[in-house]
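Shown next, in structure tokens, is the structure this report addresses.
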Amino acid sequence: MKKLIDSHGREITYFRISLTDRCNFRCIYCSPSERDFCFIRHQDILRFEEILEIADVAVEMGMNKIRLTGGEPLVRKGIIDFIGRLKQMKLLEDISLTTNGYFLSDMAASLKVAGLNRVNISLDSLQSEKFRKITGFEGLEKVLKGIDSALEAGLTPVKINVVLLKGINDDEVEDFIKLTFNKPLYIRFIELMPTNHELTQINEGHFISAQNIKDKMRIKFPDLQPTSIERGYGPAVYYKLPGAKGMVGFITAVSQHFCARCNRIRLTAEGKLRPCLFSDREIEIKNRLREIPAYQKSKRKILIQKCMLESIRIKPLRHHIKSNEISEFNMSQIGG
Ligand code: SAM
């Protein structure tokens, strides 16, 4: 198996592919206001054929895990067949998906059959009204049903991503942890990241560190024990309550970055390779690929390889955001 090593000695194995910029939710920390929301034109979105071509080369070069995300990946028509075709890539060891869970109750079983291994489901509140305020939509019941469907379908481990929002959902941390008693869920508390130029107010007012929450929870649940699961299962550090079926994780992307272990490259829905979520630097791939006729397969492959290597070469050593810098941080330095 080939290895892709970046300029800082990190092995790059994880390809995170955004299938669409569209989403059925309007989360307060993620979406700009409806008025300003401007979707990428249909013709500017990478076609499934193009994504498969790029992914095929990436896998051959050494990427062995693919995560599908968005926008909301389950709103993209044809995703089940697309996953089925990804599954045919022999060297690909893991296909996962990050979703808001709204469509999962209908789709979990088919996604599993197609070849999806596991899902991360975003859920920031267990209270209907608060859920509506955060996401802009009614839908808590459907998402909870989606979580059960994912467990039933065996899309495991099912991880639940909870973005910590001070004054909004930090009073629900205990309820989220209690979910791990009876269900084999990995509840992951994620620090709010300054990822959107227009949302500085949310970031300034509602950031709370994972350490703060962890300290409070260890007083409430003194039996919460650290587990040995840390590396290999993503950036979270996991804890477990005795006898619980699930686990609790904390992702400190802002307060204590884990860039030294970052193993990922992103492909945006409009066809750019992005080596770091917090950097503006991108390598354009779609337009360059569209200039080469489909029958010139080896020329296309060489271009993809070149773009891949270039994005790995420029992958920064670390991001430079810190929790105490959020209010001062120049948002133009980072991308969405
Ligand atoms: N629509 C899918 C979903 O809801 O999971 C996939 C895309 S969403 C952008 C991926 C993840 O990023 C979600 O778990 C979401 O909560 C998280 N996210 C988005 N904006 C964030 C921010 N500013 N800080 C921390 N996490 C964020």
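Simple scheme: letters A, B, ... for chains in structure tokens order, numbers from 1 for residues in each chain, numbers from 1 for ligands in the order shown.
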Per-residue DSSP, segment 64-121 of chain A, filtered to strand (DSSP E or B), as a PyMOL selection string:
chain A and resi 65-69+94-99+118-121
Near-ligand residues for ligand 1, threshold 7 Å, only C-alpha atoms and all ligand atoms, as a list in words
Cys23, Tyr29, Cys30, Thr69, Gly70, Gly71, Glu72, Pro73, Thr98, Thr99, Asn100, Asn120, Ile121, Ser122, Asn161, Val162, Val163, Ile190, Glu191, Leu192, Met193, Pro194, Thr195 and Asn196 of chain A
Mind dumping the selected residues with C-alpha atoms as a PDB file, in the first residue's frame?
ATOM      1  CA  CYS A  23     -28.803  21.708   3.444  1.00  0.00           C
ATOM      2  CA  TYR A  29     -23.535  28.729  13.712  1.00  0.00           C
ATOM      3  CA  CYS A  30     -23.255  27.343  10.202  1.00  0.00           C
ATOM      4  CA  THR A  69     -20.314  15.444   4.106  1.00  0.00           C
ATOM      5  CA  GLY A  70     -21.828  18.716   2.914  1.00  0.00           C
ATOM      6  CA  GLY A  71     -24.097  20.760   3.230  1.00  0.00           C
ATOM      7  CA  GLU A  72     -26.350  17.832   3.953  1.00  0.00           C
ATOM      8  CA  PRO A  73     -25.082  14.850   1.925  1.00  0.00           C
ATOM      9  CA  THR A  98     -21.745  13.081   8.467  1.00  0.00           C
ATOM     10  CA  THR A  99     -25.430  13.983   8.440  1.00  0.00           C
ATOM     11  CA  ASN A 100     -28.011  15.975  10.337  1.00  0.00           C
ATOM     12  CA  ASN A 120     -21.834  10.753  12.500  1.00  0.00           C
ATOM     13  CA  ILE A 121     -25.092  12.510  13.303  1.00  0.00           C
ATOM     14  CA  SER A 122     -25.206  16.157  14.330  1.00  0.00           C
ATOM     15  CA  ASN A 161     -21.772  15.471  17.210  1.00  0.00           C
ATOM     16  CA  VAL A 162     -22.930  18.101  19.694  1.00  0.00           C
ATOM     17  CA  VAL A 163     -21.581  21.607  19.090  1.00  0.00           C
ATOM     18  CA  ILE A 190     -17.315  19.781  19.839  1.00  0.00           C
ATOM     19  CA  GLU A 191     -16.016  23.271  20.429  1.00  0.00           C
ATOM     20  CA  LEU A 192     -17.654  25.977  18.376  1.00  0.00           C
ATOM     21  CA  MET A 193     -15.276  26.978  15.602  1.00  0.00           C
ATOM     22  CA  PRO A 194     -15.153  30.372  13.880  1.00  0.00           C
ATOM     23  CA  THR A 195     -15.840  29.014  10.421  1.00  0.00           C
ATOM     24  CA  ASN A 196     -18.068  31.667   8.918  1.00  0.00           C
TER      25      ASN A 196
END
What lies within 10 Å of Leu104 of chain A using only C-alpha atoms, ignoring chain neighbours under 3 positions off, as a list of chain:residue names?
A:Leu74, A:Thr99, A:Asn100, A:Gly101, A:Met107, A:Ala108, A:Ala109, A:Ser110, A:Leu111, A:Val119, A:Ile121, A:Lys142, A:Val143, A:Leu144, A:Lys145, A:Gly146, A:Ile147, A:Asp148, A:Ser149, A:Ala150
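Atom pair atom CA of Asp223 of chain A / atom CA of Gly243 of chain A has a distance of 10.3 Å (rounded to one decimal).
Across A:Thr180, A:Asp215, A:Thr20, A:Val237, the tightest approach to Gln43 of chain A is made by A:Thr20 when counting only C-alpha atoms.
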Just to confirm, what's the straight-line distance from atom CA of Arg290 of chain A to atom CA of Met89 of chain A in Å (one decimal)?
22.9 Å
Residues at most 12 Å from Ser7 of chain A, counting only C-alpha atoms, excluding those fewer than 6 positions away in the same chain, as a list in words?
Ala260, Pro275, Leu309, Glu310, Ser311, Ile312, Arg313, Ile314, Lys315, Pro316 and Leu317 of chain A
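Take atom CA of Phe189 of chain A and atom CA of Ser128 of chain A: the distance between them is 19.2 Å.
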Within 8 Å of Arg10 of chain A, counting only C-alpha atoms, which residues qualify if same-chain residues fewer than 2 places away don't, as a PyMOL selection string?
chain A and resi 5-8+12+260-263
Would you list the contacts of Gln88 of chain A as a count of residues only, taking every protein, DNA or RNA residue within 12 Å and counting only C-alpha atoms, but skipping same-chain residues closer than 6 positions in sequence?
11
